[in-house]
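Below is run35.pdb, holding PDB, C-alpha atoms.
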ATOM      1  CA  GLN A   1      -2.960  15.950  -9.404  1.00  0.00           C
ATOM      2  CA  VAL A   2      -3.411  12.371  -8.284  1.00  0.00           C
ATOM      3  CA  GLN A   3      -6.398  11.286  -6.247  1.00  0.00           C
ATOM      4  CA  LEU A   4      -6.301   8.104  -4.180  1.00  0.00           C
ATOM      5  CA  VAL A   5      -9.336   6.474  -2.613  1.00  0.00           C
ATOM      6  CA  GLU A   6      -8.955   3.494  -0.303  1.00  0.00           C
ATOM      7  CA  SER A   7     -11.581   0.936   0.604  1.00  0.00           C
ATOM      8  CA  GLY A   8     -11.837  -2.476   2.210  1.00  0.00           C
ATOM      9  CA  GLY A   9     -10.981  -1.807   5.830  1.00  0.00           C
ATOM     10  CA  GLY A  10     -13.001  -3.168   8.710  1.00  0.00           C
ATOM     11  CA  LEU A  11     -13.091  -5.348  11.793  1.00  0.00           C
ATOM     12  CA  VAL A  12     -11.767  -8.891  11.615  1.00  0.00           C
ATOM     13  CA  GLN A  13     -10.758 -11.559  14.102  1.00  0.00           C
ATOM     14  CA  ALA A  14      -7.165 -12.579  14.532  1.00  0.00           C
ATOM     15  CA  GLY A  15      -6.182 -15.072  11.858  1.00  0.00           C
ATOM     16  CA  GLY A  16      -8.640 -13.620   9.377  1.00  0.00           C
ATOM     17  CA  SER A  17      -8.109 -11.816   6.085  1.00  0.00           C
ATOM     18  CA  LEU A  18      -8.932  -8.488   4.492  1.00  0.00           C
ATOM     19  CA  ARG A  19      -8.195  -6.975   1.104  1.00  0.00           C
ATOM     20  CA  LEU A  20      -7.627  -3.261   0.824  1.00  0.00           C
ATOM     21  CA  SER A  21      -8.077  -1.434  -2.467  1.00  0.00           C
ATOM     22  CA  CYS A  22      -6.770   1.929  -3.581  1.00  0.00           C
ATOM     23  CA  ALA A  23      -8.158   3.479  -6.748  1.00  0.00           C
ATOM     24  CA  ALA A  24      -5.964   6.070  -8.433  1.00  0.00           C
ATOM     25  CA  SER A  25      -6.982   8.801 -10.842  1.00  0.00           C
ATOM     26  CA  GLY A  26      -5.566  11.950 -12.337  1.00  0.00           C
ATOM     27  CA  ARG A  27      -2.416  10.539 -13.877  1.00  0.00           C
ATOM     28  CA  THR A  28      -1.344   7.603 -16.017  1.00  0.00           C
ATOM     29  CA  PHE A  29      -1.306   4.706 -13.589  1.00  0.00           C
ATOM     30  CA  SER A  30       1.867   3.185 -15.019  1.00  0.00           C
ATOM     31  CA  SER A  31       3.772   6.345 -14.126  1.00  0.00           C
ATOM     32  CA  LEU A  32       3.107   5.773 -10.440  1.00  0.00           C
ATOM     33  CA  ALA A  33       4.916   3.564  -7.980  1.00  0.00           C
ATOM     34  CA  MET A  34       2.564   2.728  -5.145  1.00  0.00           C
ATOM     35  CA  GLY A  35       2.912   1.991  -1.465  1.00  0.00           C
ATOM     36  CA  TRP A  36       0.943   1.125   1.630  1.00  0.00           C
ATOM     37  CA  PHE A  37       1.676   2.603   5.023  1.00  0.00           C
ATOM     38  CA  ARG A  38      -0.035   2.276   8.388  1.00  0.00           C
ATOM     39  CA  GLN A  39      -0.276   4.208  11.606  1.00  0.00           C
ATOM     40  CA  ALA A  40      -1.452   2.791  14.905  1.00  0.00           C
ATOM     41  CA  PRO A  41      -2.653   5.022  17.760  1.00  0.00           C
ATOM     42  CA  GLY A  42       0.276   6.624  19.537  1.00  0.00           C
ATOM     43  CA  LYS A  43       2.781   5.315  17.019  1.00  0.00           C
ATOM     44  CA  GLU A  44       4.581   6.742  14.037  1.00  0.00           C
ATOM     45  CA  ARG A  45       3.526   5.930  10.513  1.00  0.00           C
ATOM     46  CA  GLU A  46       5.333   2.865   9.219  1.00  0.00           C
ATOM     47  CA  PHE A  47       6.000   1.389   5.817  1.00  0.00           C
ATOM     48  CA  VAL A  48       4.071  -1.773   4.935  1.00  0.00           C
ATOM     49  CA  ALA A  49       4.616  -2.620   1.265  1.00  0.00           C
ATOM     50  CA  THR A  50       5.465  -1.106  -2.089  1.00  0.00           C
ATOM     51  CA  ILE A  51       5.154  -2.057  -5.751  1.00  0.00           C
ATOM     52  CA  SER A  52       7.000  -0.595  -8.704  1.00  0.00           C
ATOM     53  CA  ARG A  53       5.297   1.304 -11.495  1.00  0.00           C
ATOM     54  CA  PHE A  54       5.010  -1.714 -13.793  1.00  0.00           C
ATOM     55  CA  GLY A  55       4.436  -4.178 -10.985  1.00  0.00           C
ATOM     56  CA  ARG A  56       7.709  -5.956 -11.635  1.00  0.00           C
ATOM     57  CA  THR A  57       9.072  -5.646  -8.130  1.00  0.00           C
ATOM     58  CA  THR A  58       7.633  -5.570  -4.630  1.00  0.00           C
ATOM     59  CA  TYR A  59       9.023  -5.107  -1.159  1.00  0.00           C
ATOM     60  CA  TYR A  60       7.581  -5.671   2.292  1.00  0.00           C
ATOM     61  CA  ALA A  61       8.225  -4.710   5.870  1.00  0.00           C
ATOM     62  CA  ASP A  62       9.566  -7.645   7.857  1.00  0.00           C
ATOM     63  CA  SER A  63       6.513  -7.524  10.114  1.00  0.00           C
ATOM     64  CA  VAL A  64       4.153  -8.408   7.240  1.00  0.00           C
ATOM     65  CA  LYS A  65       6.366 -10.475   4.958  1.00  0.00           C
ATOM     66  CA  GLY A  66       4.744 -13.775   4.113  1.00  0.00           C
ATOM     67  CA  ARG A  67       1.304 -12.590   5.260  1.00  0.00           C
ATOM     68  CA  PHE A  68       0.568  -9.540   3.080  1.00  0.00           C
ATOM     69  CA  THR A  69       0.668  -9.278  -0.709  1.00  0.00           C
ATOM     70  CA  ILE A  70       0.667  -6.062  -2.716  1.00  0.00           C
ATOM     71  CA  SER A  71      -0.506  -6.106  -6.328  1.00  0.00           C
ATOM     72  CA  ARG A  72      -1.777  -3.738  -8.987  1.00  0.00           C
ATOM     73  CA  ASP A  73      -4.308  -3.914 -11.798  1.00  0.00           C
ATOM     74  CA  SER A  74      -3.554  -1.480 -14.598  1.00  0.00           C
ATOM     75  CA  ALA A  75      -6.963  -2.018 -16.208  1.00  0.00           C
ATOM     76  CA  LYS A  76      -8.642  -0.767 -13.038  1.00  0.00           C
ATOM     77  CA  ASN A  77      -5.981   1.756 -11.950  1.00  0.00           C
ATOM     78  CA  THR A  78      -6.046   0.066  -8.588  1.00  0.00           C
ATOM     79  CA  VAL A  79      -3.488  -1.251  -6.136  1.00  0.00           C
ATOM     80  CA  TYR A  80      -4.407  -3.923  -3.625  1.00  0.00           C
ATOM     81  CA  LEU A  81      -3.117  -5.118  -0.284  1.00  0.00           C
ATOM     82  CA  GLN A  82      -4.176  -8.666   0.521  1.00  0.00           C
ATOM     83  CA  MET A  83      -3.744  -9.218   4.242  1.00  0.00           C
ATOM     84  CA  ASN A  84      -3.838 -12.761   5.596  1.00  0.00           C
ATOM     85  CA  THR A  85      -3.267 -14.244   9.040  1.00  0.00           C
ATOM     86  CA  LEU A  86      -4.002 -10.891  10.605  1.00  0.00           C
ATOM     87  CA  LYS A  87      -2.780 -10.163  14.108  1.00  0.00           C
ATOM     88  CA  PRO A  88      -4.005  -7.642  16.688  1.00  0.00           C
ATOM     89  CA  GLU A  89      -0.773  -5.704  16.173  1.00  0.00           C
ATOM     90  CA  ASP A  90      -1.829  -5.094  12.561  1.00  0.00           C
ATOM     91  CA  THR A  91      -4.557  -2.765  13.846  1.00  0.00           C
ATOM     92  CA  ALA A  92      -3.990   0.671  12.329  1.00  0.00           C
ATOM     93  CA  VAL A  93      -5.178   3.187   9.785  1.00  0.00           C
ATOM     94  CA  TYR A  94      -3.851   2.024   6.433  1.00  0.00           C
ATOM     95  CA  SER A  95      -3.072   4.575   3.745  1.00  0.00           C
ATOM     96  CA  CYS A  96      -2.009   4.134   0.177  1.00  0.00           C
ATOM     97  CA  ALA A  97       0.443   6.511  -1.410  1.00  0.00           C
ATOM     98  CA  ALA A  98       1.730   7.265  -4.883  1.00  0.00           C
ATOM     99  CA  VAL A  99       4.961   8.649  -6.235  1.00  0.00           C
ATOM    100  CA  ILE A 100       5.660   9.673  -9.816  1.00  0.00           C
ATOM    101  CA  SER A 101       8.341   7.289 -10.968  1.00  0.00           C
ATOM    102  CA  THR A 102      10.361   7.942 -14.102  1.00  0.00           C
ATOM    103  CA  ASP A 103      12.758   4.993 -14.057  1.00  0.00           C
ATOM    104  CA  TYR A 104      12.644   3.301 -17.439  1.00  0.00           C
ATOM    105  CA  SER A 105      13.222  -0.150 -16.053  1.00  0.00           C
ATOM    106  CA  GLY A 106      10.028   0.116 -14.067  1.00  0.00           C
ATOM    107  CA  GLY A 107      11.533  -1.686 -11.105  1.00  0.00           C
ATOM    108  CA  ARG A 108      12.364   1.107  -8.712  1.00  0.00           C
ATOM    109  CA  LEU A 109      10.898   0.810  -5.234  1.00  0.00           C
ATOM    110  CA  TYR A 110      10.229   3.464  -2.611  1.00  0.00           C
ATOM    111  CA  THR A 111      10.279   2.163   0.941  1.00  0.00           C
ATOM    112  CA  SER A 112      10.073   5.388   2.920  1.00  0.00           C
ATOM    113  CA  ALA A 113       7.287   7.944   3.125  1.00  0.00           C
ATOM    114  CA  GLY A 114       9.377  10.910   2.041  1.00  0.00           C
ATOM    115  CA  PRO A 115       9.299  10.434  -1.736  1.00  0.00           C
ATOM    116  CA  TYR A 116       5.537   9.883  -1.922  1.00  0.00           C
ATOM    117  CA  ASN A 117       3.696  12.907  -3.284  1.00  0.00           C
ATOM    118  CA  TYR A 118       0.124  11.775  -2.947  1.00  0.00           C
ATOM    119  CA  TRP A 119      -1.808  10.106  -0.139  1.00  0.00           C
ATOM    120  CA  GLY A 120      -5.232   8.633   0.356  1.00  0.00           C
ATOM    121  CA  GLN A 121      -7.466   9.426   3.277  1.00  0.00           C
ATOM    122  CA  GLY A 122      -6.817   6.116   5.019  1.00  0.00           C
ATOM    123  CA  THR A 123      -8.979   3.173   6.011  1.00  0.00           C
ATOM    124  CA  GLN A 124      -9.247   1.640   9.469  1.00  0.00           C
ATOM    125  CA  VAL A 125      -8.273  -1.961  10.016  1.00  0.00           C
ATOM    126  CA  THR A 126      -9.060  -3.439  13.419  1.00  0.00           C
ATOM    127  CA  VAL A 127      -8.019  -6.961  14.364  1.00  0.00           C
ATOM    128  CA  SER A 128      -9.604  -8.393  17.487  1.00  0.00           C
ATOM    129  CA  SER A 129      -7.923 -11.069  19.584  1.00  0.00           C
TER     130      SER A 129
END

Can the structure in the file be given as structure tokens, please?
Amino acid sequence: QVQLVESGGGLVQAGGSLRLSCAASGRTFSSLAMGWFRQAPGKEREFVATISRFGRTTYYADSVKGRFTISRDSAKNTVYLQMNTLKPEDTAVYSCAAVISTDYSGGRLYTSAGPYNYWGQGTQVTVSS
């Protein structure tokens, strides 16, 4: 069983930055591809970013491309989401997710919620205008 614990959310003004962290435990970190998703009030959950199991490849939603950066630290079993130039429309609960990935190349990406087996509890990000 994989446990995911997010941290780093909060209130920030438009144009500001936040870094979210997600600590994983319960399975070898390099076996997990990781993703970030978000859900705003009254809206469906949407994909934000994903990183492959070895960190070789990343992919972003168009709405955050160029502003957000996903990364992972294997020594700390942690995945990060650096969010810059935040906008009020980025306000949402952000959740990290993990999927057991067995591709030997280590580059496979998962851009939809369906394949993800494990989810964190979520952290609130609020961007004021």

* Polymer residues at most 10 Å from A:Thr28, all atoms listed in the file, same-chain spacing of 5 or more positions, as a list of chain:residue names -> A:Val2, A:Ser74, A:Asn77, A:Ile100

Export of the given selection (C-alpha atoms) as an mmCIF file, in the frame of the given file:
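And here's part-v6.cif as it stands now:
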data_model
loop_
_atom_site.group_PDB
_atom_site.id
_atom_site.type_symbol
_atom_site.label_atom_id
_atom_site.label_comp_id
_atom_site.auth_asym_id
_atom_site.auth_seq_id
_atom_site.Cartn_x
_atom_site.Cartn_y
_atom_site.Cartn_z
ATOM 1 C CA VAL A 2 -3.411 12.371 -8.284
ATOM 2 C CA SER A 74 -3.554 -1.480 -14.598
ATOM 3 C CA ASN A 77 -5.981 1.756 -11.950
ATOM 4 C CA ILE A 100 5.660 9.673 -9.816
#

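Within the file as shown, the PyMOL selection byres ((chain A and resi 27) around 12) identifies Gln1, Val2, Gln3, Leu4, Ala23, Ala24, Ser25, Gly26, Thr28, Phe29, Ser30, Ser31, Leu32, Ala33, Asn77, Ala98, Val99, Ile100, Ser101 and Tyr118 of chain A.
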
With C-alpha atoms retained, write the just-selected residues as a tab-separated table (two decimals), keeping the file's coordinate frame.
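What follows is the written file again_8.tsv:
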chain	number	residue	atom	x	y	z
A	1	GLN	CA	-2.96	15.95	-9.40
A	2	VAL	CA	-3.41	12.37	-8.28
A	3	GLN	CA	-6.40	11.29	-6.25
A	4	LEU	CA	-6.30	8.10	-4.18
A	23	ALA	CA	-8.16	3.48	-6.75
A	24	ALA	CA	-5.96	6.07	-8.43
A	25	SER	CA	-6.98	8.80	-10.84
A	26	GLY	CA	-5.57	11.95	-12.34
A	28	THR	CA	-1.34	7.60	-16.02
A	29	PHE	CA	-1.31	4.71	-13.59
A	30	SER	CA	1.87	3.18	-15.02
A	31	SER	CA	3.77	6.34	-14.13
A	32	LEU	CA	3.11	5.77	-10.44
A	33	ALA	CA	4.92	3.56	-7.98
A	77	ASN	CA	-5.98	1.76	-11.95
A	98	ALA	CA	1.73	7.26	-4.88
A	99	VAL	CA	4.96	8.65	-6.24
A	100	ILE	CA	5.66	9.67	-9.82
A	101	SER	CA	8.34	7.29	-10.97
A	118	TYR	CA	0.12	11.78	-2.95

* Structure fact -> Between A:Ser105, A:Asn84, A:Gln39, A:Asn117, smallest distance to A:Val12 by only C-alpha atoms belongs to A:Asn84

* Given only C-alpha atoms as the counted atoms, nearest of A:Asp73, A:Glu46, A:Asp62, A:Asp90 to A:Gly15 ->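 Counting only C-alpha atoms, the residue closest to A:Gly15 is A:Asp90.
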
* **Nearest-residue call for A:Thr102, choices A:Phe68, A:Ser52, A:Ala75, A:Gln82, using all atoms listed in the file** => A:Ser52

* To do: Name the closest residue to A:Tyr94 among the candidates A:Gly8, A:Gly55, A:Gly122, A:Gly35; distances are taken between atoms, counting only C-alpha atoms.
  =>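 Answer, going by the shortest atom-to-atom distance: A:Gly122.
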
* Hey, which of A:Thr50, A:Ile70, A:Lys65, A:Met83 ends up closest to A:Met34? Count only C-alpha atoms. ->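 Smallest separation from A:Met34 among the options: A:Thr50.
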
Please complete stretch 47-58 of chain A so it has all heavy atoms, and hand it over as a compact mmCIF listing (two decimals), keeping the file's coordinate frame.
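Listing of result-v2.txt after writing:
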# COMPACT_ATOMS: atom_id res chain seq x y z
N PHE A 47 6.08 1.99 7.15
CA PHE A 47 6.00 1.39 5.82
C PHE A 47 5.47 -0.03 5.92
O PHE A 47 5.84 -0.78 6.84
CB PHE A 47 7.39 1.39 5.19
CG PHE A 47 7.53 0.49 4.00
CD1 PHE A 47 7.05 0.86 2.76
CD2 PHE A 47 8.14 -0.75 4.13
CE1 PHE A 47 7.17 0.03 1.67
CE2 PHE A 47 8.28 -1.60 3.05
CZ PHE A 47 7.79 -1.20 1.81
N VAL A 48 4.61 -0.42 4.97
CA VAL A 48 4.07 -1.77 4.93
C VAL A 48 4.54 -2.52 3.68
O VAL A 48 5.11 -3.60 3.78
CB VAL A 48 2.53 -1.76 4.98
CG1 VAL A 48 1.97 -3.17 4.83
CG2 VAL A 48 2.04 -1.13 6.27
N ALA A 49 4.28 -1.92 2.52
CA ALA A 49 4.62 -2.62 1.26
C ALA A 49 4.66 -1.61 0.13
O ALA A 49 4.05 -0.55 0.20
CB ALA A 49 3.59 -3.70 0.95
N THR A 50 5.39 -1.96 -0.92
CA THR A 50 5.46 -1.11 -2.09
C THR A 50 5.55 -1.96 -3.35
O THR A 50 6.00 -3.11 -3.31
CB THR A 50 6.66 -0.15 -2.01
OG1 THR A 50 6.66 0.72 -3.15
CG2 THR A 50 7.98 -0.91 -1.99
N ILE A 51 5.10 -1.38 -4.46
CA ILE A 51 5.15 -2.06 -5.75
C ILE A 51 5.60 -1.05 -6.80
O ILE A 51 5.19 0.12 -6.77
CB ILE A 51 3.79 -2.69 -6.10
CG1 ILE A 51 3.87 -3.56 -7.35
CG2 ILE A 51 2.69 -1.63 -6.22
CD1 ILE A 51 2.66 -4.45 -7.56
N SER A 52 6.45 -1.50 -7.70
CA SER A 52 7.00 -0.60 -8.70
C SER A 52 5.95 -0.22 -9.75
O SER A 52 4.88 -0.84 -9.83
CB SER A 52 8.22 -1.23 -9.37
OG SER A 52 7.85 -2.46 -9.99
N ARG A 53 6.28 0.72 -10.59
CA ARG A 53 5.30 1.30 -11.50
C ARG A 53 4.73 0.29 -12.47
O ARG A 53 3.56 0.40 -12.88
CB ARG A 53 5.90 2.48 -12.24
CG ARG A 53 7.13 2.14 -13.04
CD ARG A 53 7.74 3.35 -13.73
NE ARG A 53 6.89 3.86 -14.79
CZ ARG A 53 7.34 4.53 -15.84
NH1 ARG A 53 8.64 4.76 -15.96
NH2 ARG A 53 6.53 4.98 -16.75
N PHE A 54 5.51 -0.69 -12.88
CA PHE A 54 5.01 -1.71 -13.79
C PHE A 54 4.64 -3.00 -13.06
O PHE A 54 4.28 -3.98 -13.70
CB PHE A 54 6.05 -2.02 -14.86
CG PHE A 54 6.37 -0.86 -15.77
CD1 PHE A 54 7.61 -0.76 -16.38
CD2 PHE A 54 5.43 0.13 -16.02
CE1 PHE A 54 7.90 0.30 -17.21
CE2 PHE A 54 5.70 1.20 -16.85
CZ PHE A 54 6.95 1.29 -17.45
N GLY A 55 4.77 -2.99 -11.75
CA GLY A 55 4.44 -4.18 -10.98
C GLY A 55 5.49 -5.26 -11.02
O GLY A 55 5.24 -6.39 -10.60
N ARG A 56 6.68 -4.93 -11.48
CA ARG A 56 7.71 -5.96 -11.64
C ARG A 56 8.37 -6.32 -10.33
O ARG A 56 8.90 -7.43 -10.18
CB ARG A 56 8.78 -5.47 -12.63
CG ARG A 56 8.25 -5.33 -14.03
CD ARG A 56 9.28 -4.73 -14.97
NE ARG A 56 8.75 -4.60 -16.33
CZ ARG A 56 9.35 -3.94 -17.29
NH1 ARG A 56 10.52 -3.37 -17.06
NH2 ARG A 56 8.81 -3.86 -18.48
N THR A 57 8.41 -5.39 -9.40
CA THR A 57 9.07 -5.65 -8.13
C THR A 57 8.19 -5.20 -6.97
O THR A 57 7.40 -4.26 -7.10
CB THR A 57 10.41 -4.92 -8.04
OG1 THR A 57 10.22 -3.53 -8.32
CG2 THR A 57 11.42 -5.49 -9.03
N THR A 58 8.35 -5.89 -5.87
CA THR A 58 7.63 -5.57 -4.63
C THR A 58 8.59 -5.67 -3.46
O THR A 58 9.64 -6.31 -3.55
CB THR A 58 6.44 -6.52 -4.40
OG1 THR A 58 6.93 -7.86 -4.33
CG2 THR A 58 5.41 -6.41 -5.51
